[in-house]
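Structure data follow from target.pdb (PDB, C-alpha atoms):
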ATOM      1  CA  MET W   1      -9.377 -34.850  37.107
ATOM      2  CA  LYS W   2      -9.376 -31.968  39.532
ATOM      3  CA  PHE W   3      -7.765 -28.789  38.191
ATOM      4  CA  THR W   4      -5.720 -26.823  40.708
ATOM      5  CA  ARG W   5      -3.791 -23.680  39.887
ATOM      6  CA  ARG W   6      -0.687 -25.819  39.483
ATOM      7  CA  THR W   7      -2.297 -28.314  37.103
ATOM      8  CA  SER W   8      -3.872 -25.456  35.164
ATOM      9  CA  LEU W   9      -0.477 -23.889  34.613
ATOM     10  CA  LYS W  10       0.923 -27.239  33.497
ATOM     11  CA  PHE W  11      -2.001 -27.680  31.114
ATOM     12  CA  ALA W  12      -1.507 -24.191  29.673
ATOM     13  CA  ALA W  13       2.196 -24.840  29.219
ATOM     14  CA  ALA W  14       1.466 -28.108  27.444
ATOM     15  CA  CYS W  15      -0.992 -26.352  25.109
ATOM     16  CA  ALA W  16       1.551 -23.643  24.334
ATOM     17  CA  ALA W  17       4.185 -26.248  23.562
ATOM     18  CA  ALA W  18       1.751 -28.089  21.304
ATOM     19  CA  CYS W  19       1.086 -24.868  19.387
ATOM     20  CA  VAL W  20       4.802 -24.125  19.021
ATOM     21  CA  LEU W  21       5.704 -27.588  17.734
ATOM     22  CA  PRO W  22       4.118 -27.151  14.270
ATOM     23  CA  LEU W  23       5.863 -23.786  13.889
ATOM     24  CA  ALA W  24       9.177 -25.283  14.945
ATOM     25  CA  ALA W  25       8.651 -28.113  12.481
ATOM     26  CA  HIS W  26       8.056 -25.588   9.694
ATOM     27  CA  ALA W  27      11.251 -23.755  10.568
ATOM     28  CA  GLN W  28      13.299 -26.983  10.722
ATOM     29  CA  THR W  29      12.039 -28.381   7.413
ATOM     30  CA  PHE W  30      11.813 -25.139   5.442
ATOM     31  CA  PRO W  31      12.638 -24.850   2.629
ATOM     32  CA  THR W  32      11.737 -28.256   1.233
ATOM     33  CA  LYS W  33      11.936 -27.283  -2.445
ATOM     34  CA  PRO W  34      13.204 -24.445  -4.661
ATOM     35  CA  ILE W  35      11.899 -21.000  -3.764
ATOM     36  CA  ARG W  36      10.399 -18.818  -6.470
ATOM     37  CA  LEU W  37      11.088 -15.094  -6.107
ATOM     38  CA  VAL W  38       8.693 -13.315  -8.450
ATOM     39  CA  VAL W  39       9.894 -10.011  -9.914
ATOM     40  CA  PRO W  40       6.735  -8.240 -11.148
ATOM     41  CA  TYR W  41       8.632  -6.311 -13.832
ATOM     42  CA  GLY W  42      10.679  -7.171 -16.902
ATOM     43  CA  PRO W  43      14.410  -8.019 -17.018
ATOM     44  CA  GLY W  44      16.985  -5.253 -16.869
ATOM     45  CA  GLY W  45      15.333  -2.900 -14.388
ATOM     46  CA  ALA W  46      16.296  -2.190 -10.797
ATOM     47  CA  THR W  47      13.871  -4.739  -9.330
ATOM     48  CA  ASP W  48      15.301  -7.478 -11.530
ATOM     49  CA  ILE W  49      18.964  -6.552 -11.007
ATOM     50  CA  LEU W  50      18.705  -6.156  -7.239
ATOM     51  CA  GLY W  51      16.300  -9.055  -6.822
ATOM     52  CA  ARG W  52      18.804 -11.400  -8.451
ATOM     53  CA  LEU W  53      21.591 -10.238  -6.125
ATOM     54  CA  ILE W  54      19.395 -10.923  -3.106
ATOM     55  CA  ALA W  55      18.176 -14.268  -4.461
ATOM     56  CA  GLN W  56      21.740 -15.478  -4.934
ATOM     57  CA  LYS W  57      22.727 -14.732  -1.328
ATOM     58  CA  MET W  58      19.509 -16.070   0.198
ATOM     59  CA  GLN W  59      20.038 -19.248  -1.803
ATOM     60  CA  GLU W  60      23.445 -19.704  -0.169
ATOM     61  CA  LEU W  61      22.065 -19.069   3.316
ATOM     62  CA  LEU W  62      18.944 -21.210   2.979
ATOM     63  CA  GLY W  63      20.676 -24.085   1.212
ATOM     64  CA  GLN W  64      17.986 -24.234  -1.437
ATOM     65  CA  THR W  65      17.707 -22.872  -4.975
ATOM     66  CA  VAL W  66      16.033 -19.459  -5.266
ATOM     67  CA  ILE W  67      14.665 -18.947  -8.774
ATOM     68  CA  VAL W  68      13.926 -15.430 -10.029
ATOM     69  CA  ASP W  69      10.749 -15.417 -12.116
ATOM     70  CA  ASN W  70       9.899 -12.267 -14.108
ATOM     71  CA  LYS W  71       6.125 -11.802 -14.385
ATOM     72  CA  ALA W  72       5.704  -8.327 -15.864
ATOM     73  CA  GLY W  73       2.563  -6.430 -16.752
ATOM     74  CA  ALA W  74      -0.020  -3.960 -15.445
ATOM     75  CA  SER W  75       2.570  -1.901 -13.529
ATOM     76  CA  GLY W  76       3.584  -4.914 -11.484
ATOM     77  CA  SER W  77       0.054  -6.086 -10.689
ATOM     78  CA  ILE W  78       0.184  -9.361 -12.638
ATOM     79  CA  GLY W  79       3.170 -10.791 -10.779
ATOM     80  CA  THR W  80       1.960  -9.425  -7.460
ATOM     81  CA  ASP W  81      -1.458 -11.024  -7.872
ATOM     82  CA  PHE W  82       0.179 -14.328  -8.799
ATOM     83  CA  VAL W  83       1.985 -14.419  -5.453
ATOM     84  CA  ALA W  84      -1.098 -13.282  -3.530
ATOM     85  CA  LYS W  85      -2.910 -16.376  -4.786
ATOM     86  CA  SER W  86      -0.002 -18.808  -4.310
ATOM     87  CA  GLN W  87       0.326 -21.525  -1.684
ATOM     88  CA  PRO W  88       1.259 -19.831   1.638
ATOM     89  CA  ASP W  89       4.209 -22.083   2.461
ATOM     90  CA  GLY W  90       7.085 -19.652   1.926
ATOM     91  CA  HIS W  91       8.192 -21.154  -1.382
ATOM     92  CA  THR W  92       6.643 -18.400  -3.530
ATOM     93  CA  LEU W  93       7.616 -14.811  -2.733
ATOM     94  CA  ILE W  94       7.314 -11.392  -4.352
ATOM     95  CA  MET W  95      10.090  -8.826  -4.749
ATOM     96  CA  ALA W  96       7.711  -6.039  -3.826
ATOM     97  CA  THR W  97       8.340  -2.408  -4.656
ATOM     98  CA  ILE W  98       6.912   0.941  -3.691
ATOM     99  CA  GLY W  99       5.093   0.779  -7.018
ATOM    100  CA  SER W 100       3.398  -2.580  -6.551
ATOM    101  CA  GLN W 101       2.467  -2.072  -2.899
ATOM    102  CA  ALA W 102       2.072   1.689  -2.343
ATOM    103  CA  ILE W 103       1.406   3.309  -5.730
ATOM    104  CA  ASN W 104      -0.853   0.768  -7.422
ATOM    105  CA  PRO W 105      -3.387   0.736  -4.547
ATOM    106  CA  VAL W 106      -3.681   4.517  -4.903
ATOM    107  CA  LEU W 107      -4.101   4.630  -8.663
ATOM    108  CA  TYR W 108      -5.801   1.369  -9.630
ATOM    109  CA  GLN W 109      -9.407   1.122  -8.521
ATOM    110  CA  ASN W 110      -9.868  -2.581  -9.247
ATOM    111  CA  LEU W 111      -6.658  -4.286  -8.172
ATOM    112  CA  PRO W 112      -7.068  -8.075  -7.971
ATOM    113  CA  TYR W 113      -5.202  -8.109  -4.646
ATOM    114  CA  ASP W 114      -5.347  -6.230  -1.348
ATOM    115  CA  VAL W 115      -1.922  -5.041  -0.174
ATOM    116  CA  ASN W 116      -2.783  -5.445   3.504
ATOM    117  CA  ARG W 117      -5.016  -8.513   3.503
ATOM    118  CA  ASP W 118      -3.280 -10.754   0.934
ATOM    119  CA  PHE W 119       0.365 -10.593   1.992
ATOM    120  CA  ALA W 120       2.609 -11.410   4.930
ATOM    121  CA  PRO W 121       5.601  -9.029   5.103
ATOM    122  CA  VAL W 122       9.014 -10.728   5.280
ATOM    123  CA  GLY W 123      11.218  -7.652   5.399
ATOM    124  CA  LEU W 124      12.473  -4.482   3.769
ATOM    125  CA  ALA W 125      15.493  -5.072   1.543
ATOM    126  CA  LEU W 126      16.721  -1.748   0.201
ATOM    127  CA  THR W 127      16.125   1.819  -0.804
ATOM    128  CA  ASN W 128      16.866   2.910  -4.362
ATOM    129  CA  HIS W 129      16.848   6.127  -6.332
ATOM    130  CA  PHE W 130      15.811   7.450  -9.713
ATOM    131  CA  VAL W 131      17.532   9.620 -12.290
ATOM    132  CA  LEU W 132      16.109  12.342 -14.506
ATOM    133  CA  ALA W 133      17.979  12.023 -17.797
ATOM    134  CA  VAL W 134      17.759  13.322 -21.354
ATOM    135  CA  ALA W 135      18.626  12.020 -24.793
ATOM    136  CA  THR W 136      21.985  13.192 -26.121
ATOM    137  CA  SER W 137      20.179  15.213 -28.805
ATOM    138  CA  VAL W 138      18.578  17.435 -26.136
ATOM    139  CA  PRO W 139      20.828  20.483 -25.543
ATOM    140  CA  ALA W 140      19.772  20.997 -21.892
ATOM    141  CA  ARG W 141      22.222  20.003 -19.170
ATOM    142  CA  THR W 142      20.319  21.323 -16.153
ATOM    143  CA  ILE W 143      16.685  21.155 -15.066
ATOM    144  CA  ALA W 144      16.383  24.914 -15.599
ATOM    145  CA  ASP W 145      17.710  24.559 -19.151
ATOM    146  CA  LEU W 146      15.289  21.693 -19.778
ATOM    147  CA  ALA W 147      12.343  23.748 -18.541
ATOM    148  CA  ALA W 148      13.285  26.565 -20.904
ATOM    149  CA  TYR W 149      13.782  24.134 -23.781
ATOM    150  CA  SER W 150      10.342  22.606 -23.188
ATOM    151  CA  LYS W 151       8.728  25.964 -24.021
ATOM    152  CA  THR W 152       9.922  25.753 -27.607
ATOM    153  CA  SER W 153      10.218  22.004 -28.240
ATOM    154  CA  LYS W 154       7.765  19.158 -27.716
ATOM    155  CA  LEU W 155       9.115  16.808 -25.045
ATOM    156  CA  PHE W 156       8.044  13.276 -24.187
ATOM    157  CA  ILE W 157       9.129  11.747 -20.887
ATOM    158  CA  GLY W 158       9.438   7.986 -20.543
ATOM    159  CA  THR W 159       8.524   6.522 -17.165
ATOM    160  CA  ALA W 160       8.430   2.919 -16.000
ATOM    161  CA  GLY W 161       5.827   3.129 -13.287
ATOM    162  CA  TYR W 162       3.338   5.420 -11.634
ATOM    163  CA  GLN W 163       5.820   6.592  -9.013
ATOM    164  CA  GLN W 164       8.058   8.079 -11.688
ATOM    165  CA  GLN W 165       5.008   9.623 -13.343
ATOM    166  CA  LEU W 166       3.873  11.126 -10.048
ATOM    167  CA  PHE W 167       7.252  12.592  -9.263
ATOM    168  CA  GLY W 168       7.631  13.886 -12.811
ATOM    169  CA  ALA W 169       4.367  15.764 -12.299
ATOM    170  CA  VAL W 170       5.708  17.296  -9.074
ATOM    171  CA  VAL W 171       8.943  18.349 -10.795
ATOM    172  CA  SER W 172       6.963  19.884 -13.670
ATOM    173  CA  ALA W 173       4.722  21.803 -11.281
ATOM    174  CA  HIS W 174       7.738  23.319  -9.513
ATOM    175  CA  THR W 175       9.908  24.080 -12.540
ATOM    176  CA  GLY W 176       7.503  24.818 -15.379
ATOM    177  CA  LEU W 177       8.657  21.786 -17.354
ATOM    178  CA  GLU W 178       6.172  20.915 -20.094
ATOM    179  CA  MET W 179       6.270  17.211 -20.996
ATOM    180  CA  THR W 180       3.920  14.498 -22.191
ATOM    181  CA  ASN W 181       4.213  11.248 -20.246
ATOM    182  CA  VAL W 182       4.857   7.979 -22.091
ATOM    183  CA  PRO W 183       4.401   4.960 -19.773
ATOM    184  CA  TYR W 184       6.511   1.824 -20.257
ATOM    185  CA  LYS W 185       6.141  -1.671 -18.832
ATOM    186  CA  GLY W 186       9.752  -1.715 -17.680
ATOM    187  CA  THR W 187      12.874   0.404 -17.244
ATOM    188  CA  ALA W 188      14.816  -1.332 -20.011
ATOM    189  CA  ALA W 189      12.230  -0.433 -22.683
ATOM    190  CA  ALA W 190      12.106   3.197 -21.536
ATOM    191  CA  LEU W 191      15.907   3.472 -21.607
ATOM    192  CA  ILE W 192      16.176   1.974 -25.095
ATOM    193  CA  ASP W 193      13.721   4.556 -26.423
ATOM    194  CA  LEU W 194      15.489   7.355 -24.539
ATOM    195  CA  ALA W 195      18.875   6.331 -25.919
ATOM    196  CA  SER W 196      17.463   6.212 -29.459
ATOM    197  CA  GLY W 197      15.710   9.572 -29.078
ATOM    198  CA  ASN W 198      12.166   8.220 -29.386
ATOM    199  CA  VAL W 199      11.503  10.027 -26.099
ATOM    200  CA  GLN W 200      13.555  13.052 -25.074
ATOM    201  CA  VAL W 201      13.415  12.720 -21.286
ATOM    202  CA  GLY W 202      13.379   9.780 -18.914
ATOM    203  CA  PHE W 203      12.761   9.378 -15.198
ATOM    204  CA  VAL W 204      13.914   5.837 -14.407
ATOM    205  CA  ASP W 205      15.757   3.621 -11.940
ATOM    206  CA  ILE W 206      19.442   4.404 -11.541
ATOM    207  CA  ALA W 207      20.238   0.672 -11.590
ATOM    208  CA  GLY W 208      19.093   0.285 -15.176
ATOM    209  CA  ALA W 209      20.339   3.700 -16.311
ATOM    210  CA  VAL W 210      23.977   3.446 -15.180
ATOM    211  CA  PRO W 211      25.205   1.384 -18.200
ATOM    212  CA  PHE W 212      23.513   3.841 -20.597
ATOM    213  CA  ILE W 213      25.091   6.793 -18.779
ATOM    214  CA  GLN W 214      28.553   5.208 -18.694
ATOM    215  CA  SER W 215      28.400   4.539 -22.437
ATOM    216  CA  ASN W 216      27.277   8.158 -23.079
ATOM    217  CA  LYS W 217      23.963   7.098 -24.596
ATOM    218  CA  ILE W 218      21.938   9.330 -22.248
ATOM    219  CA  VAL W 219      22.776  12.354 -20.083
ATOM    220  CA  PRO W 220      21.840  12.500 -16.370
ATOM    221  CA  LEU W 221      20.561  15.832 -15.024
ATOM    222  CA  ALA W 222      19.575  15.026 -11.443
ATOM    223  CA  VAL W 223      18.816  12.160  -9.064
ATOM    224  CA  SER W 224      16.061  11.645  -6.524
ATOM    225  CA  GLY W 225      16.593  11.210  -2.809
ATOM    226  CA  THR W 226      17.899  13.325   0.015
ATOM    227  CA  ARG W 227      21.554  12.954  -0.946
ATOM    228  CA  ARG W 228      23.610  12.251  -4.045
ATOM    229  CA  SER W 229      23.836   8.699  -5.305
ATOM    230  CA  SER W 230      27.118   6.846  -4.831
ATOM    231  CA  ALA W 231      26.587   5.460  -8.337
ATOM    232  CA  LEU W 232      26.444   8.992  -9.811
ATOM    233  CA  PRO W 233      28.336  11.187  -7.320
ATOM    234  CA  ASN W 234      28.759  14.097  -9.735
ATOM    235  CA  VAL W 235      25.046  14.379 -10.489
ATOM    236  CA  PRO W 236      23.109  16.753  -8.183
ATOM    237  CA  THR W 237      19.930  15.775  -6.393
ATOM    238  CA  ILE W 238      16.685  17.261  -7.655
ATOM    239  CA  ALA W 239      16.514  19.218  -4.395
ATOM    240  CA  GLU W 240      19.883  20.793  -5.235
ATOM    241  CA  ALA W 241      19.087  21.384  -8.870
ATOM    242  CA  ALA W 242      15.503  22.630  -8.597
ATOM    243  CA  LYS W 243      15.035  23.421  -4.890
ATOM    244  CA  ILE W 244      12.251  20.845  -4.551
ATOM    245  CA  HIS W 245      12.278  19.659  -0.962
ATOM    246  CA  GLU W 246       8.633  18.610  -0.565
ATOM    247  CA  LEU W 247       9.072  15.061  -1.755
ATOM    248  CA  ASP W 248      11.763  12.444  -1.256
ATOM    249  CA  ALA W 249      11.222  10.192  -4.248
ATOM    250  CA  SER W 250      13.440   7.369  -3.064
ATOM    251  CA  GLY W 251      12.031   3.974  -3.857
ATOM    252  CA  TRP W 252      12.191   0.829  -1.785
ATOM    253  CA  MET W 253      11.943  -2.892  -2.256
ATOM    254  CA  GLY W 254      11.257  -5.761   0.074
ATOM    255  CA  ILE W 255      10.008  -9.323   0.176
ATOM    256  CA  LEU W 256       6.447 -10.443   0.835
ATOM    257  CA  ALA W 257       4.894 -13.888   1.131
ATOM    258  CA  PRO W 258       1.247 -14.843   0.667
ATOM    259  CA  ALA W 259      -0.991 -14.201   3.675
ATOM    260  CA  GLY W 260      -1.237 -17.247   5.918
ATOM    261  CA  THR W 261       2.439 -18.202   5.614
ATOM    262  CA  PRO W 262       3.462 -19.717   8.994
ATOM    263  CA  PRO W 263       5.221 -17.222  11.319
ATOM    264  CA  ALA W 264       8.207 -19.550  11.744
ATOM    265  CA  VAL W 265       8.729 -19.618   7.981
ATOM    266  CA  ILE W 266       8.471 -15.815   7.841
ATOM    267  CA  ALA W 267      11.061 -15.615  10.624
ATOM    268  CA  ALA W 268      13.433 -17.944   8.746
ATOM    269  CA  LEU W 269      13.084 -15.910   5.549
ATOM    270  CA  ASN W 270      13.565 -12.623   7.418
ATOM    271  CA  ALA W 271      16.732 -13.939   9.064
ATOM    272  CA  ALA W 272      18.169 -15.080   5.719
ATOM    273  CA  LEU W 273      17.260 -11.777   4.059
ATOM    274  CA  ASN W 274      18.815  -9.658   6.807
ATOM    275  CA  LYS W 275      21.981 -11.765   6.902
ATOM    276  CA  SER W 276      22.407 -11.461   3.153
ATOM    277  CA  LEU W 277      21.976  -7.692   3.284
ATOM    278  CA  ALA W 278      24.569  -7.371   6.064
ATOM    279  CA  LEU W 279      27.343  -8.751   3.855
ATOM    280  CA  PRO W 280      29.882  -6.041   2.868
ATOM    281  CA  GLU W 281      29.918  -7.288  -0.715
ATOM    282  CA  MET W 282      26.180  -6.663  -0.989
ATOM    283  CA  ARG W 283      26.523  -3.036   0.120
ATOM    284  CA  GLU W 284      29.264  -2.589  -2.477
ATOM    285  CA  LYS W 285      27.220  -4.149  -5.291
ATOM    286  CA  PHE W 286      24.127  -2.188  -4.337
ATOM    287  CA  ALA W 287      26.078   1.082  -4.331
ATOM    288  CA  GLN W 288      27.172   0.471  -7.925
ATOM    289  CA  VAL W 289      23.538   0.696  -9.029
ATOM    290  CA  GLY W 290      22.365   3.465  -6.708
ATOM    291  CA  ALA W 291      20.816   1.375  -3.926
ATOM    292  CA  GLU W 292      21.437   0.860  -0.220
ATOM    293  CA  PRO W 293      20.604  -2.213   1.888
ATOM    294  CA  ALA W 294      17.856  -1.564   4.447
ATOM    295  CA  THR W 295      16.734  -4.232   6.880
ATOM    296  CA  SER W 296      13.630  -4.494   9.054
ATOM    297  CA  THR W 297      11.411  -6.836  10.984
ATOM    298  CA  PRO W 298       8.287  -8.112   9.223
ATOM    299  CA  GLU W 299       6.184  -5.813  11.418
ATOM    300  CA  GLU W 300       8.267  -2.751  10.547
ATOM    301  CA  PHE W 301       7.953  -3.484   6.839
ATOM    302  CA  GLY W 302       4.184  -3.770   7.159
ATOM    303  CA  THR W 303       4.045  -0.404   8.920
ATOM    304  CA  LEU W 304       6.160   1.173   6.161
ATOM    305  CA  ILE W 305       3.821  -0.090   3.433
ATOM    306  CA  ARG W 306       0.757   1.355   5.167
ATOM    307  CA  SER W 307       2.431   4.734   5.701
ATOM    308  CA  GLU W 308       3.574   4.884   2.068
ATOM    309  CA  VAL W 309       0.062   4.228   0.769
ATOM    310  CA  ALA W 310      -1.148   7.211   2.812
ATOM    311  CA  LYS W 311       1.723   9.398   1.560
ATOM    312  CA  TRP W 312       1.217   8.632  -2.124
ATOM    313  CA  THR W 313      -2.517   9.092  -1.838
ATOM    314  CA  ARG W 314      -1.810  12.701  -0.828
ATOM    315  CA  VAL W 315       0.764  13.182  -3.614
ATOM    316  CA  ALA W 316      -1.527  11.774  -6.333
ATOM    317  CA  LYS W 317      -4.387  14.005  -5.215
ATOM    318  CA  ALA W 318      -2.166  17.101  -5.151
ATOM    319  CA  ALA W 319      -0.743  16.287  -8.603
ATOM    320  CA  GLY W 320      -4.168  15.579 -10.055
ATOM    321  CA  ILE W 321      -3.088  12.172 -11.338
ATOM    322  CA  LYS W 322      -5.632   9.390 -11.542
ATOM    323  CA  GLY W 323      -5.092   5.737 -12.354
ATOM    324  CA  GLU W 324      -7.283   3.330 -14.235
TER     325      GLU W 324
END

Represent the structure of the file as structure tokens.
Amino acid sequence: MKFTRRTSLKFAAACAAACVLPLAAHAQTFPTKPIRLVVPYGPGGATDILGRLIAQKMQELLGQTVIVDNKAGASGSIGTDFVAKSQPDGHTLIMATIGSQAINPVLYQNLPYDVNRDFAPVGLALTNHFVLAVATSVPARTIADLAAYSKTSKLFIGTAGYQQQLFGAVVSAHTGLEMTNVPYKGTAAALIDLASGNVQVGFVDIAGAVPFIQSNKIVPLAVSGTRRSSALPNVPTIAEAAKIHELDASGWMGILAPAGTPPAVIAALNAALNKSLALPEMREKFAQVGAEPATSTPEEFGTLIRSEVAKWTRVAKAAGIKGE
């Protein structure tokens, strides 16, 4: 057969169509079975609470069950590694956080997964904030009071992740707070110990802390982020309370799939995620626990993860904090 320019174009078009057909087939048949959304932390924390809200709405939009599976341990690394090694068909996903994707790579030297190589970004889901709180037995009601109190009383601060530990170190450096860090596997465990007075200070997710604050079991002093939280409107930001403007300690969460997941499946998941986050009821529910919906393309989410790794590398070095 003689190839002219015209036949070459037809041949190229046919090849392109042949390549698109498998992707289209993936999109039309996906999902073919229940989807597992792995939360790499224990029940009761922000990742679990917000992940379940998202799973419920994506389930309605995709027409398939979305099961939330808590796989806690090693600061989120166990659940994250499980997804990294799962079948790349879109049916196993991770509710990724700034901790699992941007903090762990900075502080853990031997992670079993590579945040860039082993995952395909689906999309950003939300930003969330943290609260610095004290046990009711602690007399301080401002950060300045707490700093003064720490000079005469031994204080232990409960944190549920390296991000909280990093930011606690920055707050201490700026205010003179003297505290010994006590790491927890999840927010719920840290809050239980804070409420019982086993630790005197906590820096944890607002989502998990709100019920403890509303029942007067702990006392909030300040929240992270650039503006006050709608969940705790009367609590000042740390920037207001301590004049610390160098670091916005807002967290974020998003969904990742294993690397190699077909682009059409990623596109279908991204569309379902973004549609669920656009619902007014979701914004309202998120606001109740100190979070805000935040959508993105898969490419934008990937760029965010890379930039956050660079940012937290600088913060960890400045704070003198090293992982394991």

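When all atoms listed in the file are used to measure the gap to W:Pro31, the shortest distance among W:Gly63, W:Gly254, W:Gly168, W:Pro183 belongs to W:Gly63.
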
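Between atom CA of W:Gly225 and atom CA of W:Val201 the interatomic distance comes to 18.8 Å.
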
Hits from the PyMOL selection byres ((chain W and resi 226-230) around 8), listed as a compact mmCIF listing (two decimals) with C-alpha atoms, keeping the file's coordinate frame:
# COMPACT_ATOMS: atom_id res chain seq x y z
CA HIS W 129 16.85 6.13 -6.33
CA VAL W 223 18.82 12.16 -9.06
CA SER W 224 16.06 11.64 -6.52
CA GLY W 225 16.59 11.21 -2.81
CA ALA W 231 26.59 5.46 -8.34
CA LEU W 232 26.44 8.99 -9.81
CA PRO W 233 28.34 11.19 -7.32
CA ASN W 234 28.76 14.10 -9.74
CA VAL W 235 25.05 14.38 -10.49
CA PRO W 236 23.11 16.75 -8.18
CA THR W 237 19.93 15.78 -6.39
CA ALA W 239 16.51 19.22 -4.39
CA ASP W 248 11.76 12.44 -1.26
CA ALA W 287 26.08 1.08 -4.33
CA GLN W 288 27.17 0.47 -7.92
CA GLY W 290 22.36 3.46 -6.71

- Could you check which of W:Leu111, W:Ala55, W:Leu177, W:Leu61 is closest to W:Ser77, using all atoms listed in the file? W:Leu111

- Query: Using all atoms listed in the file, which residue out of W:Ala160, W:Ala144, W:Val83, W:Leu269 lies closest to W:Val39?
  - Reply: W:Val83

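Counting only C-alpha atoms and comparing W:Pro105, W:Gly42, W:Gly260, W:Asn198, the residue that lies closest to W:Glu308 is W:Pro105.
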
- Item | Nearest-residue call for W:Trp312, choices W:Phe203, W:Phe212, W:Phe30, W:Phe167, using all atoms listed in the file | W:Phe167

- Message: Set the distance at 12 Å and use only C-alpha atoms: which residues neighbour W:Thr136 once local chain neighbours fewer than 5 positions away are removed? I'd like the list as a PyMOL selection string.
- Response: chain W and resi 141+193-202+212-213+215-221

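When the PyMOL selection byres ((chain W and resi 112) around 10) is run on the displayed coordinates, the residues it returns are Ser77, Ile78, Thr80, Asp81, Phe82, Ala84, Lys85, Tyr108, Gln109, Asn110, Leu111, Tyr113, Asp114 and Val115 of chain W.
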
- Message: Calculated over all atoms listed in the file, which of the candidates W:Ala268, W:Val289, W:Ala140, W:Leu37 has the smallest distance to W:Leu62?
- Response: W:Ala268

As a check of understanding, name the residues that the PyMOL selection byres ((chain W and resi 256) around 6) selects in the supplied structure, as a CSV table (one decimal) with C-alpha atoms, in the frame of the given file.
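Contents of out-v5.csv, as written:
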chain,number,residue,atom,x,y,z
W,93,LEU,CA,7.6,-14.8,-2.7
W,94,ILE,CA,7.3,-11.4,-4.4
W,120,ALA,CA,2.6,-11.4,4.9
W,121,PRO,CA,5.6,-9.0,5.1
W,122,VAL,CA,9.0,-10.7,5.3
W,255,ILE,CA,10.0,-9.3,0.2
W,257,ALA,CA,4.9,-13.9,1.1

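Our summary of the geometry notes that atom CA of W:Gly73 is positioned 14.4 Å from atom CA of W:Met95.
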
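The two atoms in question, atom CA of W:Lys185 and atom CA of W:Ser296, are spaced 29.0 Å apart.
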
Fewer than 4 positions away in the same chain doesn't count, so skip those; otherwise give me all residues within 7 Å of W:Ile103, counting only C-alpha atoms, as an mmCIF file with C-alpha atoms, keeping the file's coordinate frame.
data_model
loop_
_atom_site.group_PDB
_atom_site.id
_atom_site.type_symbol
_atom_site.label_atom_id
_atom_site.label_comp_id
_atom_site.auth_asym_id
_atom_site.auth_seq_id
_atom_site.Cartn_x
_atom_site.Cartn_y
_atom_site.Cartn_z
ATOM 1 C CA ILE W 98 6.912 0.941 -3.691
ATOM 2 C CA GLY W 99 5.093 0.779 -7.018
ATOM 3 C CA LEU W 107 -4.101 4.630 -8.663
ATOM 4 C CA TYR W 162 3.338 5.420 -11.634
ATOM 5 C CA GLN W 163 5.820 6.592 -9.013
ATOM 6 C CA VAL W 309 0.062 4.228 0.769
ATOM 7 C CA TRP W 312 1.217 8.632 -2.124
#

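Residues of protein, DNA and RNA with at least one atom no farther than 8 Å from (1.4, 10.6, -10.3) are, using all atoms listed in the file, Tyr162, Gln163, Gln164, Gln165, Leu166, Phe167, Gly168, Ala169, Val315, Ala316, Ala319, Gly320, Ile321 and Lys322 of chain W.
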